[in-house]
Structure formats: C-alpha cells, structure tokens
Amino acid sequence: MKMYTVVLVLLLLTILIADLFFYRKLKSQNAKPLFIILHLIAPAFFTVLFLYVKFGLENVRNYRVIAVIMWTYFFFLLIYIPKLIHIIFYFLHFLYKKIFKKESVYFGIVRITLSVAVIVIMLLSAYVTPRRFEVTHTRIPIKDLPEAFNGYKIVQISDLHLGSWNKKFKKLKPVIDLVNQQNADIIVFTGDMVNNYAEETEGWTPFFLQLKSKYAKFAVLGNHDYGDYTAWVTDSAKTENRNKINQAIRDFGFTLLLNQHVYLKQGNDSLLLVGVENWGKTAAFRYSNLCKALRGSLAHEPKILLAHDPNQWDAEIRSHKDIVLTLSGHTHAAQLGLKIGKRLFSPAAFVFKHWAGLYLENEQYIYVNRGIGYIGLPMHIGVRPEISVIELVKK
C-alpha cells in the first residue's frame, strides 16, 4: 500500500520542523552529545520508515508488516503532535514578550494541558473506542414493500479489515454477541473483509460461523478485497489471492454476491436483494456491473442493494428507481468525528457526499455503515465502530 506523495512530504516536513527546533534548543543549552544523538534517533527512524512505505511497501506480501506500520504511524503522531504544540506556543510566547515586554506563565500551562489532552485522547482512541461497538437502529418505510416483509430486520456490518486485528480473534467476540442479540432475519456484510491479502482470513472461520440470523448471511466485496494495493509478481498470483479471499468469505457462512441477485422469501412474498462488486475510483479498478446484477429481475419490484462504495449511489444507482434502499460502507466516517446531540461532524464530509447514517432522496434511501475495523491508523476518535440494525416497514 503506497503512501501518497503529498502525505510523505507533510510527514517529512513535520519531522524537519520539529526536530530541527529541538536540536537547536539542545545545542543552545550545551546539551551533552549523547542527548543530541538520542534525540536524532526518532527522526532518523521515522524518515527511513516513511521512505520505505512510499517506495518499498507495495512489494511486501506480509500483512503483519502493514499492521505494524499502522501502529508506527500512531506512535509518530503521539510523539510529534505534542512537539508541534510546544513549538507553536513557544513562538506565541516569543511574540507576546516582544509586544508586551514581559513573560506569561499561561502559555506554558496551556501548552502542557493541550499536550496531555492530545496524548490522553489518542490513547483512548486507540485502546478504548475501537472496542466500544455501537448498535444503531433505523426504521425505513418503503413504498410497495411486500406485506410479509413489514418489520423485516437486516443487520449490517462492514469494513472489518481483518489484517489490522493481527489474529486477535477474541476481539470479534463482542461483535458476534451484539449481532446475535438483534435476532436478525438476515445479516449483510458490505465489503472490505481484509486489507489486501488472503492470509488475513486464516483462523477466523470458527468465529464468523457463530454469527446467527433467521435465514441467511450475504456479502459483497470492498476495494481492499481485490489485492489492488500491492505490486503482484504475476497476474495469476493476484487472481489466486482474490479467489482465496472470496472462498474465505463463503467459508465464513456468507453467500457472496458478485454482481448477482437473490430473492428473499417470506411466506408467499419475496424481495429482491442485489449485490454488486466494488465501484472503484477509476475504470481500471471498477468491478461493479449493476446491469448484470439486475438482469432477469422485474423492473417494478422494490430492490435492496449491497454496494460497498456510497459514491456509486449518485453515479448510477439512483437512476434505477426500483432500488429503494442501498447499504454501503467504505467511508469509516474517517475514523474521526465529533458528535453534538444527534449530529455527527467529520472530515469525511469533505470527501464523501454520503458518509455515515441514513440519507433519503426521492423515496430512495442509502445507509452508510461506519464499519467495524480500521485502516491507516489504529484508532477511532469520536467515532465508534458500528453495527447497523435496519428494520423495513411498509409505507
């Protein structure tokens, strides 16, 4: 998984600014050479690491390396955010002294308070919040819903990213318990079972088989389930990796919908469930074929669609008026947000039009699940992992 160039530049600038400042401070205070050398170990380590991630990581086949690097990013921020806070308040105090010709102890108090607050929030977001799974309940009124499906309950989970869990199987137990408590008619998984590699799925089958619903479990693939984030030696190796991931999802007890549909049966009534492959940012990584998935169905019957990427909703799904509800994931709500009352604010809003919760346009709904796992950074700040309970009601 290559790092974007702009991210690399920002990280290296952070190291340069912070550590050059502290290096000059140590020199001005005539610190012992040993302390200066120790101070330079961290910036040297992180610089080498970030260059490796940018230029060498895509050739790595070990998913555990990805998990280690995510935690290294976390500790980088844990070290460097307080450093930057110190530098900012040092210069604010410097300007204050220049203007008012006196010093103030408050700059130091605020600097220390902010630094401690950042460290505490980050530690909680890495070691507490990712384990506080939130069950959300949403009732969705659907026009022309078959009578037998009134009150039909769908439990949605998404974006597990098993490689990030590093074989810590017991972490899934609370998710299993919470899902099973919902007494779901069906369970759906809306993509990103892994970060990139089939090996991430090994050992998880007995745990996923504990997920229970009245009728069935269904799944679609997400962008990370195709192995597109590494440079494979051969195309056949990439294909084999993807086939193993697909088989693992089936072994977990899910019916994998690859641009396909199935009829859900309830008494004498039926409801169409459609699953498409991932939409993708560009045509090269676009595997979805909605027309193929709908082929053979009746145009007038209401349909529920599983589609990993919510961007697909505006791009092509809403033109199919018979798709009354779309269930997506992908965004993670940026794993960062602030909840005020019932409203959640997140930087994800600058990237995605639909990024968390329920949206309605012209009698068509999309629900975007925040996901269970994490990617990039092993933390959730103000955004809890989500298990969605969707109840269909007749409008």
# chains A, B, ... in the order shown; residues from 1 in each chain; ligands from 1
>>> select_by_dssp(residues="stretch 229-279 of chain A", states="strand (DSSP E)", output="count of residues only")
16
>>> closest_residue(among="A:Tyr90, A:Phe345, A:Tyr127, A:Phe55", to="A:Met379", atoms="only C-alpha atoms")
A:Tyr127
>>> residues_around(residues="A:Arg139", least_positions_apart="5", cutoff="8 Å", atoms="only C-alpha atoms", output="list in words")
Ile390, Glu391, Leu392 and Val393 of chain A
>>> residues_around(residues="A:Pro347", least_positions_apart="3", cutoff="10 Å", atoms="only C-alpha atoms", output="ChimeraX atom specification")
/A:333-338,350-352,355
>>> write_last_selection(atoms="C-alpha atoms", output="PDB file, in the first residue's frame")
ATOM      1  CA  ALA A 333     -16.621   8.256   8.796  1.00  0.00           C
ATOM      2  CA  ALA A 334     -12.884   9.000   8.507  1.00  0.00           C
ATOM      3  CA  GLN A 335     -12.459   7.304  11.931  1.00  0.00           C
ATOM      4  CA  LEU A 336     -12.638  10.878  13.205  1.00  0.00           C
ATOM      5  CA  GLY A 337     -15.612  12.943  14.259  1.00  0.00           C
ATOM      6  CA  LEU A 338     -17.418  14.991  16.851  1.00  0.00           C
ATOM      7  CA  PHE A 350     -15.289  16.881   2.615  1.00  0.00           C
ATOM      8  CA  VAL A 351     -14.587  13.663   0.692  1.00  0.00           C
ATOM      9  CA  PHE A 352     -17.948  11.889   0.537  1.00  0.00           C
ATOM     10  CA  TRP A 355     -20.504   9.172   4.622  1.00  0.00           C
TER      11      TRP A 355
END
>>> closest_residue(among="A:Ala216, A:Arg295, A:Asp159, A:Lys171", to="A:Thr331", atoms="only C-alpha atoms")
A:Asp159
>>> closest_residue(among="A:Pro141, A:Phe208, A:Lys217, A:Gln182", to="A:Tyr365", atoms="only C-alpha atoms")
A:Pro141
>>> residues_around(residues="stretch 10-22 of chain A", least_positions_apart="4", cutoff="10 Å", atoms="only C-alpha atoms", output="list of chain:residue names")
A:Thr5, A:Val6, A:Leu26, A:Lys27, A:Ser28, A:Ile36, A:His39, A:Leu40, A:Ala42, A:Pro43, A:Ala44, A:Phe46, A:Thr47, A:Phe50, A:Leu51, A:Phe76, A:Leu77, A:Tyr80, A:Ile81, A:Pro82, A:Lys83, A:Leu84, A:Ile85, A:His86, A:Ile87
>>> write_last_selection(atoms="N, CA and C atoms", output="PDB file, in the first residue's frame")
ATOM      1  N   THR A   5       2.268  10.902  -2.286  1.00  0.00           N
ATOM      2  CA  THR A   5       3.436  11.790  -2.241  1.00  0.00           C
ATOM      3  C   THR A   5       3.206  12.985  -1.337  1.00  0.00           C
ATOM      4  N   VAL A   6       2.004  13.559  -1.385  1.00  0.00           N
ATOM      5  CA  VAL A   6       1.716  14.733  -0.562  1.00  0.00           C
ATOM      6  C   VAL A   6       1.776  14.385   0.924  1.00  0.00           C
ATOM      7  N   LEU A  26      18.676  22.128  22.069  1.00  0.00           N
ATOM      8  CA  LEU A  26      19.669  21.334  22.789  1.00  0.00           C
ATOM      9  C   LEU A  26      21.061  21.917  22.614  1.00  0.00           C
ATOM     10  N   LYS A  27      21.375  22.347  21.401  1.00  0.00           N
ATOM     11  CA  LYS A  27      22.692  22.935  21.140  1.00  0.00           C
ATOM     12  C   LYS A  27      22.877  24.227  21.918  1.00  0.00           C
ATOM     13  N   SER A  28      21.821  25.042  21.972  1.00  0.00           N
ATOM     14  CA  SER A  28      21.919  26.324  22.674  1.00  0.00           C
ATOM     15  C   SER A  28      22.079  26.137  24.171  1.00  0.00           C
ATOM     16  N   ILE A  36      22.003  14.616  22.308  1.00  0.00           N
ATOM     17  CA  ILE A  36      21.727  15.053  20.936  1.00  0.00           C
ATOM     18  C   ILE A  36      21.582  13.841  20.013  1.00  0.00           C
ATOM     19  N   HIS A  39      18.331  12.151  20.653  1.00  0.00           N
ATOM     20  CA  HIS A  39      17.250  12.941  20.088  1.00  0.00           C
ATOM     21  C   HIS A  39      17.084  12.693  18.590  1.00  0.00           C
ATOM     22  N   LEU A  40      18.191  12.401  17.913  1.00  0.00           N
ATOM     23  CA  LEU A  40      18.150  12.218  16.464  1.00  0.00           C
ATOM     24  C   LEU A  40      17.713  10.809  16.038  1.00  0.00           C
ATOM     25  N   ALA A  42      14.873   9.120  16.774  1.00  0.00           N
ATOM     26  CA  ALA A  42      13.467   9.083  16.347  1.00  0.00           C
ATOM     27  C   ALA A  42      13.273   9.669  14.947  1.00  0.00           C
ATOM     28  N   PRO A  43      13.781  10.883  14.666  1.00  0.00           N
ATOM     29  CA  PRO A  43      13.580  11.411  13.305  1.00  0.00           C
ATOM     30  C   PRO A  43      14.240  10.566  12.225  1.00  0.00           C
ATOM     31  N   ALA A  44      15.400   9.990  12.538  1.00  0.00           N
ATOM     32  CA  ALA A  44      16.068   9.123  11.555  1.00  0.00           C
ATOM     33  C   ALA A  44      15.230   7.875  11.289  1.00  0.00           C
ATOM     34  N   PHE A  46      11.904   7.417  11.729  1.00  0.00           N
ATOM     35  CA  PHE A  46      10.647   7.703  11.037  1.00  0.00           C
ATOM     36  C   PHE A  46      10.886   8.120   9.586  1.00  0.00           C
ATOM     37  N   THR A  47      11.973   8.826   9.334  1.00  0.00           N
ATOM     38  CA  THR A  47      12.289   9.212   7.952  1.00  0.00           C
ATOM     39  C   THR A  47      12.525   7.980   7.089  1.00  0.00           C
ATOM     40  N   PHE A  50       9.137   6.099   6.548  1.00  0.00           N
ATOM     41  CA  PHE A  50       8.216   6.716   5.602  1.00  0.00           C
ATOM     42  C   PHE A  50       8.701   6.574   4.165  1.00  0.00           C
ATOM     43  N   LEU A  51       9.994   6.648   3.953  1.00  0.00           N
ATOM     44  CA  LEU A  51      10.545   6.439   2.616  1.00  0.00           C
ATOM     45  C   LEU A  51      10.331   4.994   2.170  1.00  0.00           C
ATOM     46  N   PHE A  76       4.063   7.792  15.945  1.00  0.00           N
ATOM     47  CA  PHE A  76       4.639   9.011  15.364  1.00  0.00           C
ATOM     48  C   PHE A  76       3.795  10.220  15.754  1.00  0.00           C
ATOM     49  N   LEU A  77       2.479  10.107  15.565  1.00  0.00           N
ATOM     50  CA  LEU A  77       1.592  11.216  15.929  1.00  0.00           C
ATOM     51  C   LEU A  77       1.597  11.469  17.427  1.00  0.00           C
ATOM     52  N   TYR A  80       4.857  13.474  17.871  1.00  0.00           N
ATOM     53  CA  TYR A  80       5.086  14.722  17.142  1.00  0.00           C
ATOM     54  C   TYR A  80       3.982  15.759  17.306  1.00  0.00           C
ATOM     55  N   ILE A  81       2.766  15.361  17.590  1.00  0.00           N
ATOM     56  CA  ILE A  81       1.739  16.380  17.840  1.00  0.00           C
ATOM     57  C   ILE A  81       2.070  17.200  19.078  1.00  0.00           C
ATOM     58  N   PRO A  82       2.437  16.577  20.220  1.00  0.00           N
ATOM     59  CA  PRO A  82       2.869  17.394  21.364  1.00  0.00           C
ATOM     60  C   PRO A  82       4.099  18.257  21.047  1.00  0.00           C
ATOM     61  N   LYS A  83       5.015  17.733  20.216  1.00  0.00           N
ATOM     62  CA  LYS A  83       6.176  18.539  19.828  1.00  0.00           C
ATOM     63  C   LYS A  83       5.749  19.800  19.083  1.00  0.00           C
ATOM     64  N   LEU A  84       4.815  19.649  18.138  1.00  0.00           N
ATOM     65  CA  LEU A  84       4.348  20.802  17.372  1.00  0.00           C
ATOM     66  C   LEU A  84       3.584  21.781  18.251  1.00  0.00           C
ATOM     67  N   ILE A  85       2.819  21.267  19.205  1.00  0.00           N
ATOM     68  CA  ILE A  85       2.126  22.143  20.157  1.00  0.00           C
ATOM     69  C   ILE A  85       3.138  22.973  20.938  1.00  0.00           C
ATOM     70  N   HIS A  86       4.223  22.327  21.371  1.00  0.00           N
ATOM     71  CA  HIS A  86       5.276  23.030  22.115  1.00  0.00           C
ATOM     72  C   HIS A  86       5.863  24.148  21.259  1.00  0.00           C
ATOM     73  N   ILE A  87       6.157  23.863  20.000  1.00  0.00           N
ATOM     74  CA  ILE A  87       6.769  24.861  19.111  1.00  0.00           C
ATOM     75  C   ILE A  87       5.822  26.030  18.881  1.00  0.00           C
TER      76      ILE A  87
END
>>> closest_residue(among="A:Tyr4, A:Trp313, A:Phe254, A:Tyr287", to="A:Val188", atoms="only C-alpha atoms")
A:Phe254
>>> atom_distance(atom1="atom CA of A:Gly253", atom2="atom CA of A:Leu209")
5.9 Å
>>> residues_around(residues="A:Val262", least_positions_apart="4", cutoff="12 Å", atoms="only C-alpha atoms", output="list in words")
Ala216, Lys217, Phe218, Ala219, Thr255, Leu256, Leu257, Leu258, Ser270, Leu271, Leu272, Leu273, Val274, Gly275, Val276, Ala293, Leu294, Arg295, Gly296, Ser297, Lys303, Ile304, Leu305 and Leu306 of chain A
>>> closest_residue(among="A:Ile140, A:Val383, A:Ile154, A:Ala148", to="A:Leu358", atoms="only C-alpha atoms")
A:Ile140
>>> residues_around(residues="stretch 222-234 of chain A", least_positions_apart="6", cutoff="6 Å", atoms="only C-alpha atoms", output="ChimeraX atom specification")
/A:1,58-59,191-192,194-196,242,278,308
>>> write_last_selection(atoms="N, CA and C atoms", output="CSV table (one decimal), in the first residue's frame")
chain,number,residue,atom,x,y,z
A,1,MET,N,0.8,-1.2,0.0
A,1,MET,CA,0.0,0.0,0.0
A,1,MET,C,0.9,1.2,0.0
A,58,GLU,N,4.8,-1.6,-1.3
A,58,GLU,CA,3.9,-2.3,-2.3
A,58,GLU,C,4.5,-3.6,-2.7
A,59,ASN,N,5.8,-3.9,-2.5
A,59,ASN,CA,6.4,-5.2,-2.8
A,59,ASN,C,6.3,-6.2,-1.7
A,191,GLY,N,-18.5,-5.3,2.5
A,191,GLY,CA,-17.2,-5.1,1.9
A,191,GLY,C,-16.0,-4.8,2.8
A,192,ASP,N,-14.8,-5.0,2.3
A,192,ASP,CA,-13.5,-4.8,3.0
A,192,ASP,C,-13.4,-5.8,4.2
A,194,VAL,N,-10.7,-7.7,4.3
A,194,VAL,CA,-9.3,-7.7,4.5
A,194,VAL,C,-8.7,-6.4,4.1
A,195,ASN,N,-7.4,-6.2,4.4
A,195,ASN,CA,-6.7,-5.1,4.0
A,195,ASN,C,-6.1,-5.3,2.5
A,196,ASN,N,-5.7,-6.5,2.3
A,196,ASN,CA,-5.2,-6.8,0.9
A,196,ASN,C,-4.9,-8.3,0.6
A,242,ARG,N,-7.2,-13.2,-4.7
A,242,ARG,CA,-8.6,-12.8,-4.7
A,242,ARG,C,-9.5,-14.0,-4.6
A,278,ASN,N,-17.2,-3.9,-6.2
A,278,ASN,CA,-16.8,-2.5,-5.8
A,278,ASN,C,-16.8,-1.6,-7.0
A,308,HIS,N,-20.5,-1.5,-1.8
A,308,HIS,CA,-19.6,-1.0,-0.8
A,308,HIS,C,-19.4,0.5,-0.8
>>> closest_atom_pairs(of="stretch 318-357 of chain A", to="stretch 299-302 of chain A", cutoff="7 Å", atoms="only C-alpha atoms", output="JSON lines")
{"residue": "A:Asp322", "atom": "CA", "partner": "A:Pro302", "partner_atom": "CA", "distance": 5.0}
{"residue": "A:Ile323", "atom": "CA", "partner": "A:Pro302", "partner_atom": "CA", "distance": 6.0}
{"residue": "A:Val324", "atom": "CA", "partner": "A:Pro302", "partner_atom": "CA", "distance": 6.0}
>>> atom_distance(atom1="atom CA of A:Leu172", atom2="atom CA of A:Tyr152")
25.4 Å
